[in-house]
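See below for entry_5.txt, which holds compact mmCIF, C-alpha atoms.
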```txt
# COMPACT_ATOMS: atom_id res chain seq x y z
CA MET A 127 -3.79 -15.15 -47.03
CA LYS A 128 -2.70 -14.89 -43.38
CA LYS A 129 -0.82 -18.22 -43.53
CA ILE A 130 0.96 -17.29 -46.76
CA PHE A 131 2.08 -13.99 -45.28
CA SER A 132 3.35 -15.67 -42.11
CA ILE A 133 5.45 -18.12 -44.15
CA LEU A 134 7.00 -15.28 -46.17
CA LEU A 135 7.82 -13.33 -43.03
CA LEU A 136 9.39 -16.33 -41.30
CA GLY A 137 11.42 -17.19 -44.38
CA ALA A 138 12.80 -13.68 -44.60
CA SER A 139 13.75 -13.52 -40.94
CA VAL A 140 16.13 -16.49 -41.16
CA LEU A 141 17.92 -15.58 -44.38
CA SER A 142 21.66 -15.08 -44.17
CA ALA A 143 22.57 -11.66 -45.56
CA SER A 144 24.53 -8.45 -45.09
CA ALA A 145 23.14 -4.91 -44.78
CA GLN A 146 21.43 -3.68 -47.94
CA TYR A 147 21.37 0.02 -47.11
CA ASP A 148 23.68 2.32 -49.06
CA SER A 149 25.95 4.19 -46.63
CA ASP A 150 25.46 7.40 -48.61
CA THR A 151 21.73 7.43 -47.86
CA GLU A 152 21.74 5.84 -44.43
CA ASN A 153 19.88 8.71 -42.77
CA GLY A 154 16.90 8.51 -45.15
CA VAL A 155 16.75 12.30 -45.53
CA VAL A 156 19.90 13.64 -47.21
CA SER A 157 21.98 11.81 -49.79
CA PHE A 158 25.71 12.40 -49.35
CA ALA A 159 26.42 10.82 -52.75
CA GLY A 160 30.02 10.08 -51.80
CA ARG A 161 30.58 13.52 -50.26
CA LYS A 162 31.99 13.20 -46.75
CA GLY A 163 30.93 16.66 -45.58
CA PHE A 164 31.23 17.66 -41.93
CA VAL A 165 32.03 14.55 -39.85
CA TRP A 166 33.61 13.81 -36.49
CA GLU A 167 35.45 10.50 -36.66
CA SER A 168 37.68 8.53 -34.34
CA ALA A 169 41.16 7.52 -35.38
CA ASN A 170 40.21 3.85 -35.58
CA LYS A 171 37.13 4.66 -37.77
CA LYS A 172 34.81 2.82 -35.35
CA PHE A 173 33.00 5.96 -34.21
CA GLU A 174 31.46 8.52 -36.53
CA PHE A 175 29.08 11.44 -35.98
CA LYS A 176 27.59 13.52 -38.78
CA PRO A 177 24.97 16.24 -38.31
CA TYR A 178 22.67 17.05 -41.22
CA LEU A 179 19.70 19.21 -42.06
CA MET A 180 17.16 19.64 -44.83
CA VAL A 181 14.84 22.60 -45.32
CA GLN A 182 12.19 22.72 -48.04
CA THR A 183 10.17 25.83 -48.87
CA ALA A 184 7.43 25.54 -51.48
CA VAL A 185 4.77 27.64 -53.13
CA ASP A 186 1.66 25.68 -54.12
CA TYR A 187 -1.31 26.42 -56.36
CA ASN A 188 -4.31 24.09 -56.15
CA TYR A 189 -7.47 24.48 -58.23
CA TYR A 190 -10.47 22.32 -57.30
CA ASP A 191 -13.37 21.31 -59.51
CA SER A 192 -16.96 22.26 -58.59
CA GLU A 193 -17.63 19.02 -56.68
CA GLY A 194 -17.88 19.66 -52.97
CA LEU A 195 -18.20 23.44 -53.37
CA ASP A 196 -21.41 25.19 -52.38
CA PRO A 197 -22.27 27.91 -54.94
CA ALA A 198 -24.66 29.50 -52.43
CA TYR A 199 -21.65 30.59 -50.39
CA ASN A 200 -19.69 31.73 -53.44
CA GLN A 201 -16.84 29.38 -52.57
CA ASP A 202 -13.60 29.80 -54.47
CA HIS A 203 -12.08 27.04 -56.58
CA VAL A 204 -8.58 27.85 -55.29
CA HIS A 205 -7.72 26.37 -51.90
CA ASN A 206 -4.66 25.11 -50.01
CA SER A 207 -2.49 27.51 -51.99
CA GLY A 208 0.38 29.73 -50.91
CA PHE A 209 3.69 29.09 -49.18
CA SER A 210 4.54 26.02 -47.14
CA ILE A 211 7.45 24.27 -45.47
CA PRO A 212 6.98 20.54 -46.13
CA TYR A 213 10.09 19.56 -44.18
CA ALA A 214 12.44 21.31 -41.77
CA VAL A 215 14.62 18.42 -40.61
CA LEU A 216 17.56 18.56 -38.24
CA GLY A 217 19.32 15.34 -37.32
CA PHE A 218 22.48 13.36 -36.95
CA THR A 219 23.67 9.98 -38.09
CA GLY A 220 26.80 7.95 -37.56
CA ARG A 221 28.49 4.76 -36.43
CA ALA A 222 29.48 3.36 -33.03
CA PHE A 223 31.75 0.49 -31.98
CA GLY A 224 32.24 -0.38 -35.63
CA PHE A 225 29.04 -2.42 -35.91
CA ILE A 226 26.18 -0.07 -34.92
CA THR A 227 24.77 2.68 -37.15
CA TYR A 228 22.25 5.14 -35.78
CA ASN A 229 20.07 8.03 -36.81
CA LEU A 230 17.84 10.58 -35.13
CA SER A 231 15.98 13.40 -36.87
CA ILE A 232 13.44 16.03 -35.86
CA ASN A 233 10.99 17.50 -38.37
CA ALA A 234 10.09 20.94 -36.99
CA ALA A 235 7.53 21.40 -39.79
CA SER A 236 5.41 18.58 -38.38
CA SER A 237 3.32 18.43 -35.21
CA GLY A 238 2.53 16.04 -32.39
CA GLY A 239 4.30 12.70 -32.57
CA GLY A 240 5.37 13.44 -36.15
CA ILE A 241 7.98 15.90 -34.87
CA LEU A 242 10.12 12.86 -34.06
CA GLN A 243 10.62 11.80 -37.64
CA GLN A 244 13.15 9.01 -37.11
CA ALA A 245 15.03 7.46 -34.20
CA TRP A 246 16.71 4.12 -34.77
CA ALA A 247 19.79 1.97 -34.27
CA ASP A 248 20.97 -0.69 -36.72
CA MET A 249 23.08 -3.52 -35.34
CA LYS A 250 25.26 -5.75 -37.49
CA VAL A 251 25.29 -8.97 -35.52
CA ARG A 252 27.71 -10.32 -38.08
CA ASP A 253 28.49 -9.40 -41.68
CA ALA A 254 25.60 -11.63 -42.77
CA PHE A 255 22.82 -10.25 -40.55
CA CYS A 256 21.47 -6.86 -39.35
CA VAL A 257 18.66 -5.78 -37.07
CA ARG A 258 17.11 -2.29 -37.02
CA VAL A 259 14.97 -1.05 -34.11
CA GLY A 260 13.20 2.24 -33.48
CA LYS A 261 11.21 4.57 -35.73
CA PHE A 262 11.95 4.43 -39.45
CA LYS A 263 10.39 3.76 -42.86
CA THR A 264 8.33 0.61 -43.22
CA PRO A 265 9.45 -1.66 -46.09
CA PHE A 266 6.79 -0.86 -48.67
CA THR A 267 7.09 0.90 -52.08
CA HIS A 268 10.13 2.32 -53.83
CA ALA A 269 8.67 5.83 -53.77
CA THR A 270 8.48 6.11 -49.99
CA LEU A 271 11.81 4.34 -49.39
CA THR A 272 13.58 6.92 -51.56
CA THR A 273 15.60 9.44 -49.58
CA LEU A 274 13.31 12.39 -48.84
CA GLY A 275 15.57 14.98 -50.44
CA GLU A 276 16.20 12.86 -53.55
CA THR A 277 12.73 12.42 -55.06
CA LEU A 278 12.09 13.15 -58.73
CA PHE A 279 9.06 15.32 -57.93
CA PRO A 280 8.43 17.55 -54.90
CA THR A 281 5.30 15.51 -54.06
CA LEU A 282 4.73 11.76 -53.98
CA PRO A 283 2.21 10.09 -56.30
CA VAL A 284 -1.39 10.82 -55.30
CA SER A 285 -2.18 7.11 -55.58
CA LEU A 286 0.07 6.53 -52.57
CA THR A 287 -0.95 9.42 -50.35
CA ALA A 288 -4.69 10.00 -50.96
CA PRO A 289 -7.26 8.22 -48.75
CA VAL A 290 -9.54 5.72 -50.44
CA ILE A 291 -13.27 6.23 -50.96
CA MET A 292 -15.79 4.06 -49.12
CA PRO A 293 -19.58 4.26 -48.63
CA HIS A 294 -20.49 7.46 -46.80
CA SER A 295 -21.47 5.60 -43.62
CA LEU A 296 -17.90 4.29 -43.40
CA ASN A 297 -15.96 7.47 -44.13
CA ALA A 298 -14.29 7.34 -40.72
CA VAL A 299 -12.21 4.45 -42.17
CA THR A 300 -9.98 6.00 -44.82
CA PRO A 301 -6.65 4.17 -45.20
CA SER A 302 -4.19 5.04 -47.95
CA MET A 303 -1.77 2.83 -49.84
CA MET A 304 1.30 4.27 -48.09
CA THR A 305 2.46 2.99 -44.70
CA GLY A 306 5.40 5.40 -44.21
CA PHE A 307 7.28 5.90 -40.92
CA ASP A 308 6.43 3.70 -37.95
CA LEU A 309 7.83 2.18 -34.76
CA GLY A 310 9.09 -1.37 -34.86
CA VAL A 311 11.88 -3.86 -35.54
CA GLU A 312 13.23 -5.01 -38.88
CA PHE A 313 15.63 -7.69 -40.12
CA HIS A 314 17.36 -6.86 -43.39
CA GLY A 315 20.23 -7.90 -45.61
CA MET A 316 21.57 -9.05 -48.94
CA ILE A 317 22.29 -12.52 -50.31
CA LYS A 318 25.34 -12.77 -52.56
CA GLY A 319 25.20 -9.01 -53.07
CA LYS A 320 22.08 -9.31 -55.26
CA TRP A 321 19.10 -10.59 -53.31
CA GLY A 322 17.80 -8.28 -50.63
CA TYR A 323 15.16 -8.61 -47.97
CA GLN A 324 13.51 -6.54 -45.27
CA ALA A 325 11.02 -8.04 -42.83
CA GLY A 326 9.61 -6.48 -39.71
CA LEU A 327 6.92 -5.87 -37.13
CA PHE A 328 5.53 -2.37 -36.57
CA ASN A 329 2.79 -0.71 -34.55
CA GLY A 330 0.84 0.13 -37.69
CA THR A 331 -0.22 3.50 -36.28
CA GLY A 332 1.97 5.68 -38.52
CA SER A 333 4.42 8.48 -37.87
CA SER A 334 2.16 10.58 -35.64
CA VAL A 335 2.08 8.05 -32.76
CA ASN A 336 5.13 7.28 -30.60
CA THR A 337 3.41 5.25 -27.90
CA ALA A 338 2.39 1.61 -27.48
CA GLY A 339 -1.37 1.24 -27.72
CA LYS A 340 -2.08 -2.02 -29.57
CA THR A 341 -3.89 -5.16 -28.44
CA PHE A 342 -4.57 -8.71 -29.67
CA SER A 343 -6.82 -9.42 -32.62
CA ASP A 344 -10.18 -10.80 -31.55
CA ASP A 345 -10.58 -12.46 -34.96
CA TRP A 346 -7.15 -13.99 -35.55
CA HIS A 347 -5.73 -14.09 -31.99
CA ILE A 348 -2.40 -12.54 -33.01
CA PRO A 349 -0.92 -9.17 -31.99
CA SER A 350 -2.71 -6.33 -33.78
CA LEU A 351 0.44 -5.02 -35.46
CA LEU A 352 1.68 -4.22 -38.96
CA TYR A 353 3.48 -7.23 -40.46
CA ALA A 354 5.60 -6.18 -43.44
CA ALA A 355 8.15 -7.75 -45.79
CA ARG A 356 9.98 -6.67 -48.96
CA PHE A 357 12.19 -8.73 -51.30
CA THR A 358 14.42 -7.23 -54.00
CA PHE A 359 16.74 -8.33 -56.79
CA GLN A 360 19.63 -5.91 -57.43
CA PRO A 361 21.97 -7.59 -59.94
CA PHE A 362 24.45 -4.70 -60.29
CA GLY A 363 24.84 -3.80 -56.62
CA VAL A 364 22.77 -1.88 -54.08
CA MET A 365 20.45 0.66 -55.69
CA PRO A 366 21.04 4.05 -54.04
CA ALA A 367 17.87 5.49 -52.50
CA THR A 368 17.74 8.35 -54.98
CA GLN A 369 15.77 9.20 -58.12
CA GLY A 370 18.58 11.16 -59.71
CA ASN A 371 21.67 12.88 -58.36
CA PRO A 372 24.16 15.09 -60.28
CA TYR A 373 27.05 13.41 -58.45
CA GLN A 374 26.02 9.95 -59.69
CA LEU A 375 25.76 10.27 -63.47
CA ASP A 376 27.98 7.28 -64.30
CA MET A 377 26.10 4.56 -62.44
CA ASN A 378 24.20 1.49 -63.61
CA ARG A 379 21.80 0.00 -61.06
CA LEU A 380 18.65 -2.11 -61.40
CA LEU A 381 16.09 -3.03 -58.75
CA VAL A 382 13.12 -5.39 -58.99
CA GLY A 383 11.08 -5.83 -55.85
CA VAL A 384 7.91 -7.22 -54.32
CA SER A 385 6.47 -6.20 -50.97
CA THR A 386 3.53 -7.09 -48.79
CA SER A 387 2.08 -6.03 -45.46
CA LEU A 388 -0.83 -6.82 -43.20
CA ASN A 389 -2.09 -4.20 -40.74
CA VAL A 390 -4.17 -6.09 -38.20
CA GLU A 391 -7.01 -4.14 -36.59
CA SER A 392 -5.98 -0.84 -38.12
CA GLU A 393 -8.17 2.27 -38.39
CA ASN A 394 -9.28 2.29 -34.73
CA GLU A 395 -9.43 -1.52 -34.60
CA SER A 396 -12.12 -1.59 -37.30
CA THR A 397 -10.35 -3.10 -40.33
CA ASN A 398 -7.65 -5.53 -41.41
CA ASP A 399 -5.70 -3.99 -44.29
CA PHE A 400 -3.65 -6.19 -46.61
CA ARG A 401 -1.27 -4.52 -49.09
CA ALA A 402 0.93 -5.89 -51.87
CA GLY A 403 3.27 -4.08 -54.23
CA LEU A 404 5.48 -4.66 -57.26
CA GLU A 405 8.31 -2.24 -58.09
CA LEU A 406 10.95 -1.71 -60.75
CA ALA A 407 13.67 0.96 -60.84
CA TRP A 408 16.61 1.44 -63.20
CA MET A 409 19.34 4.06 -63.00
CA HIS A 410 21.66 4.17 -66.00
CA ASN A 411 24.02 7.15 -66.18
CA ARG A 412 21.80 10.20 -66.77
CA LEU A 413 18.57 8.20 -67.03
CA TYR A 414 16.26 7.17 -64.21
CA LEU A 415 13.14 5.03 -64.79
CA ALA A 416 10.74 3.55 -62.25
CA GLY A 417 7.31 1.99 -62.06
CA GLU A 418 5.14 0.53 -59.32
CA ALA A 419 1.77 -1.10 -58.87
CA TYR A 420 0.13 -1.69 -55.50
CA TYR A 421 -3.04 -3.35 -54.24
CA MET A 422 -4.97 -3.06 -50.97
CA HIS A 423 -7.74 -5.23 -49.54
CA VAL A 424 -9.74 -3.72 -46.67
CA GLY A 425 -11.88 -6.11 -44.62
CA PHE A 426 -13.80 -5.23 -41.48
CA THR A 427 -13.35 -6.92 -38.12
CA LYS A 428 -16.17 -9.11 -36.82
CA ARG A 429 -17.06 -6.61 -34.12
CA GLN A 430 -18.05 -4.13 -36.83
CA LYS A 431 -20.71 -6.55 -38.14
CA ILE A 432 -20.07 -5.43 -41.73
CA ASP A 433 -19.82 -8.14 -44.35
CA ASP A 434 -18.51 -5.88 -47.11
CA SER A 435 -14.85 -5.76 -48.08
CA PHE A 436 -13.14 -3.42 -50.52
CA ASN A 437 -10.28 -3.75 -53.00
CA TYR A 438 -8.19 -0.92 -54.41
CA MET A 439 -5.35 -0.61 -56.90
CA GLY A 440 -2.97 2.13 -57.97
CA GLY A 441 0.44 2.74 -59.46
CA TYR A 442 2.67 4.99 -61.50
CA VAL A 443 5.45 5.10 -64.05
CA GLN A 444 7.98 7.92 -64.04
CA GLY A 445 11.27 8.88 -65.60
CA GLY A 446 13.96 11.53 -65.31
CA TYR A 447 16.87 12.51 -67.51
CA PHE A 448 19.80 14.87 -66.91
CA PHE A 449 20.03 17.08 -70.00
CA THR A 450 23.05 18.75 -68.40
CA ASP A 451 25.01 18.01 -65.24
CA ARG A 452 22.56 20.25 -63.36
CA LEU A 453 19.26 20.18 -65.24
CA GLN A 454 16.93 17.16 -64.96
CA GLY A 455 13.57 16.76 -66.70
CA ALA A 456 10.85 14.57 -65.23
CA LEU A 457 7.62 12.89 -66.38
CA ARG A 458 5.11 10.83 -64.41
CA TYR A 459 1.82 9.06 -65.06
CA ASP A 460 -0.10 8.16 -61.90
CA PHE A 461 -3.35 6.16 -61.74
CA PHE A 462 -5.64 5.25 -58.85
CA ASP A 463 -8.79 3.14 -58.56
CA ARG A 464 -9.86 5.12 -55.52
CA ASN A 465 -13.50 4.05 -55.27
CA GLY A 466 -12.79 0.30 -55.35
CA LEU A 467 -12.51 -2.39 -57.98
CA ASP A 468 -16.21 -3.23 -57.71
CA LYS A 469 -17.07 0.19 -59.18
CA GLY A 470 -16.09 1.65 -62.51
CA GLY A 471 -13.88 4.67 -62.64
CA LEU A 472 -10.22 5.60 -62.50
CA LEU A 473 -8.23 8.70 -61.62
CA ASN A 474 -5.52 9.56 -64.18
CA MET A 475 -2.84 12.00 -63.04
CA PRO A 476 -0.11 12.92 -65.53
CA ALA A 477 2.63 15.24 -64.27
CA VAL A 478 5.64 17.05 -65.70
CA GLY A 479 8.54 18.47 -63.74
CA VAL A 480 11.99 19.99 -63.88
CA ASN A 481 14.83 19.95 -61.34
CA TYR A 482 17.86 22.21 -61.19
CA TYR A 483 20.81 21.42 -58.93
CA PHE A 484 23.13 24.22 -57.77
CA LYS A 485 26.40 22.34 -57.59
CA GLY A 486 28.63 23.19 -54.68
CA ALA A 487 25.79 24.85 -52.75
CA ASN A 488 23.56 21.85 -51.90
CA LEU A 489 20.54 23.69 -53.32
CA LYS A 490 17.87 21.93 -55.37
CA LEU A 491 15.11 23.78 -57.22
CA GLN A 492 12.07 21.73 -58.27
CA GLY A 493 8.98 22.59 -60.26
CA MET A 494 6.03 20.43 -61.30
CA TYR A 495 2.52 20.56 -62.72
CA ARG A 496 -0.05 17.79 -62.24
CA TYR A 497 -3.48 17.37 -63.80
CA MET A 498 -6.18 15.08 -62.43
CA GLY A 499 -8.48 13.42 -64.96
CA ARG A 500 -11.33 10.94 -64.43
CA THR A 501 -12.49 8.15 -66.71
CA GLY A 502 -14.78 5.12 -66.78
CA HIS A 503 -17.27 6.12 -64.07
CA ALA A 504 -20.76 4.62 -64.33
CA THR A 505 -22.62 7.75 -63.23
CA GLN A 506 -21.92 11.44 -62.93
CA LEU A 507 -22.29 11.16 -59.15
CA ASP A 508 -19.54 8.50 -59.03
CA ARG A 509 -17.37 10.77 -61.15
CA ASP A 510 -18.01 13.75 -58.88
CA ASN A 511 -17.33 11.82 -55.66
CA ASP A 512 -14.12 10.13 -56.83
CA ASP A 513 -11.91 13.22 -56.65
CA LEU A 514 -13.41 14.85 -53.54
CA GLY A 515 -10.67 16.60 -51.61
CA LEU A 516 -8.15 16.35 -54.46
CA ALA A 517 -7.09 19.26 -56.66
CA GLN A 518 -7.83 19.06 -60.36
CA HIS A 519 -4.80 21.26 -61.13
CA ASN A 520 -1.70 21.42 -58.97
CA ALA A 521 1.46 23.44 -59.51
CA THR A 522 4.39 23.41 -57.08
CA VAL A 523 7.74 25.17 -57.01
CA GLN A 524 10.09 24.10 -54.23
CA ILE A 525 13.59 25.10 -53.14
CA GLN A 526 15.54 22.70 -50.95
CA TYR A 527 18.74 23.16 -48.99
CA THR A 528 20.63 20.24 -47.46
CA PHE A 529 23.76 20.03 -45.35
```

Once you've parsed the file, please lay out its structure as structure tokens.
Amino acid sequence: MKKIFSILLLGASVLSASAQYDSDTENGVVSFAGRKGFVWESANKKFEFKPYLMVQTAVDYNYYDSEGLDPAYNQDHVHNSGFSIPYAVLGFTGRAFGFITYNLSINAASSGGGILQQAWADMKVRDAFCVRVGKFKTPFTHATLTTLGETLFPTLPVSLTAPVIMPHSLNAVTPSMMTGFDLGVEFHGMIKGKWGYQAGLFNGTGSSVNTAGKTFSDDWHIPSLLYAARFTFQPFGVMPATQGNPYQLDMNRLLVGVSTSLNVESENESTNDFRAGLELAWMHNRLYLAGEAYYMHVGFTKRQKIDDSFNYMGGYVQGGYFFTDRLQGALRYDFFDRNGLDKGGLLNMPAVGVNYYFKGANLKLQGMYRYMGRTGHATQLDRDNDDLGLAQHNATVQIQYTF
């Protein structure tokens, strides 16, 4: 597996290609969708500076099943409910010297190292090759690479964000499918305007760590980093990083992609996590359809002296349709084999949502309801443990303003 991954990564790094990022979504937070907005620009067009912001305010209702609640203390089923601010992002993006694009954003709703959400520069060495360095999204899954303010639902699929279940003695090791923001370097581009690639090296410590603290793998004798690559086929041009936008209702784009990553000595140097994903997205006028499936293999390092390894799988299908120029309906089915493929049982999470766009005001109102069902578990204890920490019923209403 390690050799195959290394060959894929090397092959991607030497491909001849041009940048595959859509200029309207270059900052990863706010989609401009062809709207220039407030920009300082030099007369020769080589220098550009655009500030932006995104504020999300949500009200959440979460109802939990009886598992994990102690009736002796009369614990309530409703937790983690009330008002929240998922993101309060202030940043700027732009261009310098005609061949460098850059972005920096601060998320005031986060804490610790996560306050620095993104900080990167992207250099076009020539039209056929680009290099991005800094802190940005790792190349894994269509859902997380979508611009933050342009998602179909106010929350990502649970199969991406929820930690996996392991034996109780190993609960300190709880990776999730998603890799998210990280520090590193990435090569990316397009071949003949259709074939895209992204390949990079990252710390593998996630968005909350902005320092260098990795070592060499004792098992494989390579740097203990996150090695990631993504390949896409986009026959009708670059797919915008959005899941529906009222300013782009006459567009036809298709994306088929595969991605893989290997996080060496992750989870406090205790595991080696291999991930693989398959994605499909289609945007045709008012219709948006997408589906993904992802797999993760978690194996322990030799120093842990644990022979067991674990395999997990998840995915989703979702769709959105603009009934009017401002009103978009949304459906999603999310599934997650959270307790491992060696055990029976699956989490099923259907969701329904609606989005309303206030044209001319950059306001977006989102609402969703998600139900969590369980099926196929061998015992009642397995069924009870599989959804620990996850709400059985979730309802969210969110208002978003972007500039």

- Message: If we count only C-alpha atoms and set the cut-off at 8 Å, which residues sit around Ser435 in chain A, ignoring sequence neighbours fewer than 5 positions away in its own chain? Please answer as a VMD selection string.
- Response: chain A and resid 423 to 426

Kindly assemble as JSON lines a list of the range 434-487 of chain A residues that lie within 9 Å of range 504-514 of chain A, each paired with its nearest atom pair and their distance in Å to one decimal, using only C-alpha atoms, sorted first by chain and then by ascending residue number.
```
{"residue": "A:Asp463", "atom": "CA", "partner": "A:Asp512", "partner_atom": "CA", "distance": 9.0}
{"residue": "A:Arg464", "atom": "CA", "partner": "A:Asp512", "partner_atom": "CA", "distance": 6.7}
{"residue": "A:Asn465", "atom": "CA", "partner": "A:Asp512", "partner_atom": "CA", "distance": 6.3}
{"residue": "A:Lys469", "atom": "CA", "partner": "A:Ala504", "partner_atom": "CA", "distance": 7.7}
{"residue": "A:Gly470", "atom": "CA", "partner": "A:Ala504", "partner_atom": "CA", "distance": 5.8}
{"residue": "A:Gly471", "atom": "CA", "partner": "A:Ala504", "partner_atom": "CA", "distance": 7.1}
{"residue": "A:Leu472", "atom": "CA", "partner": "A:Asp512", "partner_atom": "CA", "distance": 8.2}
{"residue": "A:Leu473", "atom": "CA", "partner": "A:Asp513", "partner_atom": "CA", "distance": 7.7}
```

- Selection: 6 Å around Leu380 in chain A, only C-alpha atoms, excl. self and same-chain fewer than 2 positions, as number ranges by chain: A: 360, 407-408

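With distances restricted to only C-alpha atoms, A:Ser396 is the closest residue to Leu296 in chain A from A:Ser396, A:Ser343, A:Gly275, A:Gly239.
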
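CA of Leu352 in chain A lies 9.7 Å from CA of Asn398 in chain A.
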
- Message: From the options A:Ser285, A:Asn170, A:Gln369, A:Asn389, which residue's atoms come nearest to Phe328 in chain A, counting all atoms listed in the file?
- Response: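 Closest to Phe328 in chain A of all the choices is A:Asn389.
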
Residues of range 272-383 of chain A within 9 Å of range 479-482 of chain A: nearest atom pair and distance (Å, one decimal) for each, counting only C-alpha atoms, sorted by chain and number, as a Markdown table?
```
| residue | atom | partner | partner_atom | distance |
| --- | --- | --- | --- | --- |
| A:Leu278 | CA | A:Asn481 | CA | 7.8 |
| A:Phe279 | CA | A:Gly479 | CA | 6.6 |
| A:Pro280 | CA | A:Gly479 | CA | 8.9 |
```

Now that the selection is made, can you save its residues with C-alpha atoms as a PDB file, keeping the file's coordinate frame?
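Final output, saved to result_12.pdb:
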```
ATOM      1  CA  LEU A 278      12.090  13.150 -58.730  1.00  0.00           C
ATOM      2  CA  PHE A 279       9.060  15.320 -57.930  1.00  0.00           C
ATOM      3  CA  PRO A 280       8.430  17.550 -54.900  1.00  0.00           C
TER       4      PRO A 280
END
```

- Just how far from CA of Gly326 in chain A is CA of Tyr353 in chain A, in Å to one decimal? 6.2 Å

- Residue nearest Thr337 in chain A among A:Thr368, A:Ile211, A:Lys261, A:Glu418 (counting all atoms listed in the file):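 Selected residue with least distance to Thr337 in chain A: A:Lys261.
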
- Task: Taking the point (21.4, 28.4, -48.1) as given in the file, collect each protein or nucleic acid residue that comes within 10 Å of it, counting all atoms listed in the file, and present the set as a PyMOL selection string.
- Result: chain A and resi 181+487-489+525-529

- Task: Rank nothing, just name the residue among A:Thr522, A:Gly445, A:Asn329, A:Val259 nearest to Ser207 in chain A, using all atoms listed in the file.
- Result: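 Result for the nearest residue to Ser207 in chain A: A:Thr522.
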
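Pairwise distance (CA of Ala222 in chain A, CA of Glu174 in chain A) equals 6.5 Å.
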
- Message: Ranking A:Ala517, A:Ala419, A:Val156, A:Met249 by minimum distance to Gly224 in chain A and counting only C-alpha atoms, which one comes first?
- Response: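 Between A:Ala517, A:Ala419, A:Val156, A:Met249, the residue approaching Gly224 in chain A most closely is A:Met249.
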
- Find, counting all atoms listed in the file, the residue in A:Ser333, A:Thr227, A:Ser210, A:Ser295 that gets nearest to Gln243 in chain A.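 Ranked by minimum distance to Gln243 in chain A, first place goes to A:Ser333.
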